[in-house]
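A short worksheet on the structure shown next.
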Amino acid sequence: MKLNKLNAALIAGLTFSAFAANAATLRLGHNTHPDGPTGQYFEMFAQAVAEKSDGDIRVRIFPNSQLGTQREMLEQVTNGLLDMTKVDSSMLENIEPKYKALNYPYVFESTEKMHEVVSGELGQELLESTEKRGFIGLGYIMMTPRGYYSPKPINGPEDLKGMKLRVQESNTMIRLVENIGGIPTPTPYGEVFSALQQGMVDGVEGAGPSLYTARHGEIAKYFFEDNHVQMANVIAISNRAWNRLSEDQQAIVREAAVDAMNYSYTTGWDMEMALQQKAVDQMGVTIVQPTEEQRQQMIQSIQPMYQDLEKNEPEVYEFLNQIKLAQQ
């Protein structure tokens with residue numbers, strides 16, 4: 001399967017190379033459904049690019065992991081085989097450690113504060129930090145806050161102890177689950193449904209809309225919405241694709257990416273929360289929100305993560321503190 005997806009990426013590149021000789025064509029792959037909120041962001045992005053460039057730039061979208069998993073598509077972008085993709089900030093921390101600042105629990109005071117930070121100088125610094133690795137970020141797609149969902153009732157932190165919890169391929173998420181007493185089980189997003197179905201995991205560290213969009217709510221009926229972290233997807237473009245664009249074209253693509261980010265923060269946010277509510281109304285999912293005492297208990301449990309970060313990665317710790325200061 002991995003070989004077939006790599007071949008698909010290469011074939012896609014050959015198919016559109018002739019077109020790109022006359023007009024800029026950007027091939028964008030992502031791992032979500034085209035009708036979901038993230039898929040809609042990219043459709044809007046592609047349309048904005050076409051309109052702003054008067055048709056001189058075309059974005060060709062390959063949704064639903066047609067070109068590989070998220071990790072595989074990022075590797076293709078890094079190597080210049082694929083022009084663009086979206087990648088979770090949790091995966092990016094394995095490439096640029098400063099991205100951990102977006103993934104650490106309880107960093108942001110609110111969604112509004114996070115949007116202010118990533119829209120400013122610190123957010124731009126992060127986007128440009130991966131240029132030496134073969135790609136840069138153009139903007140962020142804001143995601144809804146995360147929690148834990150499971151077929152088993154979760155009414156507080158004590159219920160998470162000993163649970164095998166699916167996490168993203170992120171050291172930060174692994175440490176988080178370890179510190180709250182769970183057993184982290186890294187699993188690709190596309191395999192989560194079967195992992196829940198087969199009992200390979202007891203629950204999932206994830207966002208509420210996935211209960212509906214990925215049908216996880218058919219199995220996981222309890223969502224503990226503690227909002228421990230709100231991640232962002234990054235719109236990534238390969239250096240090779242970026243450098244073949246003129247300065248005017250680069251400005252158009254960057255502007256369209258910012259439009260998509262703002263859309264995800266406003267209209268997209270409402271879409272995401274409506275999908276989460278569908279999981280409640282149509283799938284019978286029960287949402288539990290922690291009490292203030294439970295929230296403080298969970299914040300206290302992850303303090304060793306911050307202590308280790310200060311000791312072992314002082315540059316990242318300082319960047320995280322800059323983010324906290326920027327919210328004051």
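Each chain in the structure tokens gets a letter, A, B and so on, in the order shown; residues start at 1 in every chain, and ligands are counted from 1 in the order they appear.
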
Produce a table with one row for each residue of segment 120-192 of chain A that has an atom at most 12 Å from any atom of segment 104-108 of chain A, each row naming the nearest atom pair and its distance in Å at one decimal; use only C-alpha atoms; arrange rows by chain and rising residue number; format as JSON lines.
```
{"residue": "A:Pro145", "atom": "CA", "partner": "A:Pro105", "partner_atom": "CA", "distance": 10.5}
{"residue": "A:Arg146", "atom": "CA", "partner": "A:Pro105", "partner_atom": "CA", "distance": 9.9}
{"residue": "A:Gly147", "atom": "CA", "partner": "A:Pro105", "partner_atom": "CA", "distance": 10.9}
{"residue": "A:Ser170", "atom": "CA", "partner": "A:Tyr104", "partner_atom": "CA", "distance": 10.8}
{"residue": "A:Asn171", "atom": "CA", "partner": "A:Tyr104", "partner_atom": "CA", "distance": 10.4}
{"residue": "A:Thr172", "atom": "CA", "partner": "A:Tyr104", "partner_atom": "CA", "distance": 6.7}
{"residue": "A:Met173", "atom": "CA", "partner": "A:Tyr104", "partner_atom": "CA", "distance": 8.1}
{"residue": "A:Ile174", "atom": "CA", "partner": "A:Tyr104", "partner_atom": "CA", "distance": 11.1}
{"residue": "A:Arg175", "atom": "CA", "partner": "A:Tyr104", "partner_atom": "CA", "distance": 9.8}
{"residue": "A:Leu176", "atom": "CA", "partner": "A:Pro105", "partner_atom": "CA", "distance": 7.7}
{"residue": "A:Val177", "atom": "CA", "partner": "A:Pro105", "partner_atom": "CA", "distance": 10.7}
{"residue": "A:Asn179", "atom": "CA", "partner": "A:Pro105", "partner_atom": "CA", "distance": 11.3}
{"residue": "A:Ile180", "atom": "CA", "partner": "A:Pro105", "partner_atom": "CA", "distance": 11.4}
```

Would you put the residues from that selection into a file with N, CA, C and O atoms, as a PDB file, in the first residue's frame?
```pdb
ATOM      1  N   PRO A 145     -10.613  22.396  20.635  1.00  0.00           N
ATOM      2  CA  PRO A 145      -9.895  21.838  21.792  1.00  0.00           C
ATOM      3  C   PRO A 145     -10.125  20.332  21.910  1.00  0.00           C
ATOM      4  O   PRO A 145     -11.139  19.802  21.479  1.00  0.00           O
ATOM      5  N   ARG A 146      -9.170  19.665  22.537  1.00  0.00           N
ATOM      6  CA  ARG A 146      -9.181  18.219  22.572  1.00  0.00           C
ATOM      7  C   ARG A 146      -9.562  17.689  23.952  1.00  0.00           C
ATOM      8  O   ARG A 146      -9.508  18.392  24.957  1.00  0.00           O
ATOM      9  N   GLY A 147      -9.942  16.430  23.948  1.00  0.00           N
ATOM     10  CA  GLY A 147     -10.280  15.744  25.186  1.00  0.00           C
ATOM     11  C   GLY A 147      -9.995  14.263  25.028  1.00  0.00           C
ATOM     12  O   GLY A 147      -9.113  13.862  24.257  1.00  0.00           O
ATOM     13  N   SER A 170       3.526  11.766  18.519  1.00  0.00           N
ATOM     14  CA  SER A 170       4.103  12.957  19.127  1.00  0.00           C
ATOM     15  C   SER A 170       4.629  12.615  20.507  1.00  0.00           C
ATOM     16  O   SER A 170       3.903  12.060  21.341  1.00  0.00           O
ATOM     17  N   ASN A 171       5.894  12.944  20.773  1.00  0.00           N
ATOM     18  CA  ASN A 171       6.457  12.684  22.093  1.00  0.00           C
ATOM     19  C   ASN A 171       5.714  13.452  23.174  1.00  0.00           C
ATOM     20  O   ASN A 171       5.563  12.978  24.308  1.00  0.00           O
ATOM     21  N   THR A 172       5.244  14.657  22.830  1.00  0.00           N
ATOM     22  CA  THR A 172       4.508  15.461  23.808  1.00  0.00           C
ATOM     23  C   THR A 172       3.205  14.783  24.202  1.00  0.00           C
ATOM     24  O   THR A 172       2.852  14.721  25.390  1.00  0.00           O
ATOM     25  N   MET A 173       2.477  14.248  23.218  1.00  0.00           N
ATOM     26  CA  MET A 173       1.223  13.576  23.526  1.00  0.00           C
ATOM     27  C   MET A 173       1.472  12.285  24.302  1.00  0.00           C
ATOM     28  O   MET A 173       0.689  11.913  25.183  1.00  0.00           O
ATOM     29  N   ILE A 174       2.546  11.616  23.988  1.00  0.00           N
ATOM     30  CA  ILE A 174       2.910  10.403  24.726  1.00  0.00           C
ATOM     31  C   ILE A 174       3.182  10.740  26.189  1.00  0.00           C
ATOM     32  O   ILE A 174       2.678  10.080  27.104  1.00  0.00           O
ATOM     33  N   ARG A 175       3.976  11.798  26.406  1.00  0.00           N
ATOM     34  CA  ARG A 175       4.283  12.211  27.778  1.00  0.00           C
ATOM     35  C   ARG A 175       3.022  12.661  28.516  1.00  0.00           C
ATOM     36  O   ARG A 175       2.857  12.385  29.712  1.00  0.00           O
ATOM     37  N   LEU A 176       2.158  13.363  27.812  1.00  0.00           N
ATOM     38  CA  LEU A 176       0.917  13.832  28.429  1.00  0.00           C
ATOM     39  C   LEU A 176       0.110  12.668  28.991  1.00  0.00           C
ATOM     40  O   LEU A 176      -0.304  12.680  30.160  1.00  0.00           O
ATOM     41  N   VAL A 177      -0.113  11.668  28.164  1.00  0.00           N
ATOM     42  CA  VAL A 177      -0.924  10.527  28.588  1.00  0.00           C
ATOM     43  C   VAL A 177      -0.231   9.757  29.707  1.00  0.00           C
ATOM     44  O   VAL A 177      -0.880   9.297  30.657  1.00  0.00           O
ATOM     45  N   ASN A 179       1.666  11.047  31.987  1.00  0.00           N
ATOM     46  CA  ASN A 179       1.577  11.828  33.220  1.00  0.00           C
ATOM     47  C   ASN A 179       0.188  11.813  33.834  1.00  0.00           C
ATOM     48  O   ASN A 179       0.048  11.996  35.049  1.00  0.00           O
ATOM     49  N   ILE A 180      -0.852  11.595  33.031  1.00  0.00           N
ATOM     50  CA  ILE A 180      -2.197  11.510  33.611  1.00  0.00           C
ATOM     51  C   ILE A 180      -2.539  10.071  34.005  1.00  0.00           C
ATOM     52  O   ILE A 180      -3.645   9.800  34.474  1.00  0.00           O
TER      53      ILE A 180
END
```

Give one line per residue of segment 163-261 of chain A that approaches segment 285-292 of chain A to at most 7 Å, naming the two atoms of the closest pair and their distance in Å to one decimal, counting only C-alpha atoms; sort by chain then ascending residue number and deliver it as a tab-separated table.
```
residue	atom	partner	partner_atom	distance
A:Gly217	CA	A:Val285	CA	6.4
A:Lys221	CA	A:Val285	CA	4.3
A:Tyr222	CA	A:Thr286	CA	5.0
A:Phe223	CA	A:Ile287	CA	4.8
A:Phe224	CA	A:Val288	CA	4.9
A:Glu225	CA	A:Gln289	CA	5.1
A:Asp226	CA	A:Pro290	CA	5.9
```

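By chain and then residue number, the residues within 7 Å of Gly139 of chain A are Val234, Ile235, Ala257, Val258 and Met261 of chain A, counting only C-alpha atoms and disregarding those fewer than 6 positions away in sequence.
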
Nearby residues (only C-alpha atoms) at most 12 Å from Lys98 of chain A, same-chain spacing under 6 positions excluded, as a short mmCIF file (atom, residue, chain, number, x, y, z; two decimals) with N, CA and C atoms, in the first residue's frame:
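File produced: part-v3.cif:
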```
data_model
loop_
_atom_site.label_atom_id
_atom_site.label_comp_id
_atom_site.auth_asym_id
_atom_site.auth_seq_id
_atom_site.Cartn_x
_atom_site.Cartn_y
_atom_site.Cartn_z
N SER A 89 0.48 20.02 14.11
CA SER A 89 1.60 20.58 14.87
C SER A 89 2.27 19.51 15.72
N SER A 90 1.50 18.49 16.12
CA SER A 90 2.09 17.40 16.92
C SER A 90 3.15 16.64 16.15
N MET A 91 2.96 16.46 14.85
CA MET A 91 3.96 15.77 14.04
C MET A 91 5.15 16.70 13.74
N LEU A 92 4.87 17.98 13.61
CA LEU A 92 5.93 18.94 13.28
C LEU A 92 6.94 19.08 14.41
N TYR A 104 1.89 21.64 23.97
CA TYR A 104 1.92 21.42 25.41
C TYR A 104 0.57 21.76 26.02
N LEU A 122 5.30 35.46 16.55
CA LEU A 122 5.73 34.15 17.03
C LEU A 122 5.20 33.04 16.13
N GLY A 123 3.97 33.19 15.68
CA GLY A 123 3.41 32.20 14.76
C GLY A 123 4.16 32.17 13.45
N GLU A 125 7.28 33.05 13.00
CA GLU A 125 8.60 32.47 13.27
C GLU A 125 8.56 30.95 13.18
N LEU A 126 7.49 30.36 13.72
CA LEU A 126 7.34 28.91 13.64
C LEU A 126 7.19 28.46 12.18
N LEU A 127 6.36 29.16 11.42
CA LEU A 127 6.10 28.76 10.04
C LEU A 127 7.38 28.74 9.20
N GLU A 128 8.27 29.67 9.49
CA GLU A 128 9.51 29.78 8.71
C GLU A 128 10.63 28.89 9.24
N SER A 129 10.43 28.29 10.41
CA SER A 129 11.51 27.56 11.08
C SER A 129 11.91 26.27 10.40
N THR A 130 11.07 25.74 9.49
CA THR A 130 11.37 24.45 8.86
C THR A 130 11.96 24.60 7.46
N THR A 172 5.24 14.66 22.83
CA THR A 172 4.51 15.46 23.81
C THR A 172 3.21 14.78 24.20
N LEU A 309 11.13 20.00 30.34
CA LEU A 309 11.38 20.86 29.20
C LEU A 309 12.36 21.97 29.56
N GLU A 313 15.39 21.18 27.32
CA GLU A 313 15.23 21.94 26.08
C GLU A 313 14.93 23.40 26.42
N PRO A 314 15.94 24.09 26.97
CA PRO A 314 15.69 25.46 27.44
C PRO A 314 15.25 26.43 26.34
N GLU A 315 15.70 26.21 25.11
CA GLU A 315 15.29 27.10 24.02
C GLU A 315 13.79 26.97 23.75
N VAL A 316 13.30 25.73 23.76
CA VAL A 316 11.87 25.50 23.55
C VAL A 316 11.08 26.04 24.74
N TYR A 317 11.60 25.84 25.93
CA TYR A 317 10.93 26.33 27.14
C TYR A 317 10.81 27.86 27.10
N GLU A 318 11.86 28.53 26.65
CA GLU A 318 11.84 29.98 26.54
C GLU A 318 10.82 30.43 25.50
N PHE A 319 10.75 29.71 24.38
CA PHE A 319 9.78 30.06 23.35
C PHE A 319 8.36 29.89 23.88
N LEU A 320 8.13 28.83 24.64
CA LEU A 320 6.82 28.60 25.24
C LEU A 320 6.47 29.75 26.19
N ASN A 321 7.45 30.22 26.95
CA ASN A 321 7.20 31.34 27.85
C ASN A 321 6.89 32.62 27.08
N GLN A 322 7.52 32.79 25.92
CA GLN A 322 7.20 33.95 25.09
C GLN A 322 5.74 33.91 24.65
N ILE A 323 5.26 32.71 24.35
CA ILE A 323 3.85 32.56 23.96
C ILE A 323 2.94 32.93 25.14
#
```

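If only C-alpha atoms are the atoms counted, then among A:Ala251, A:Ile302, A:Ala236, A:Ile154 the closest residue to Met73 of chain A is A:Ala236.
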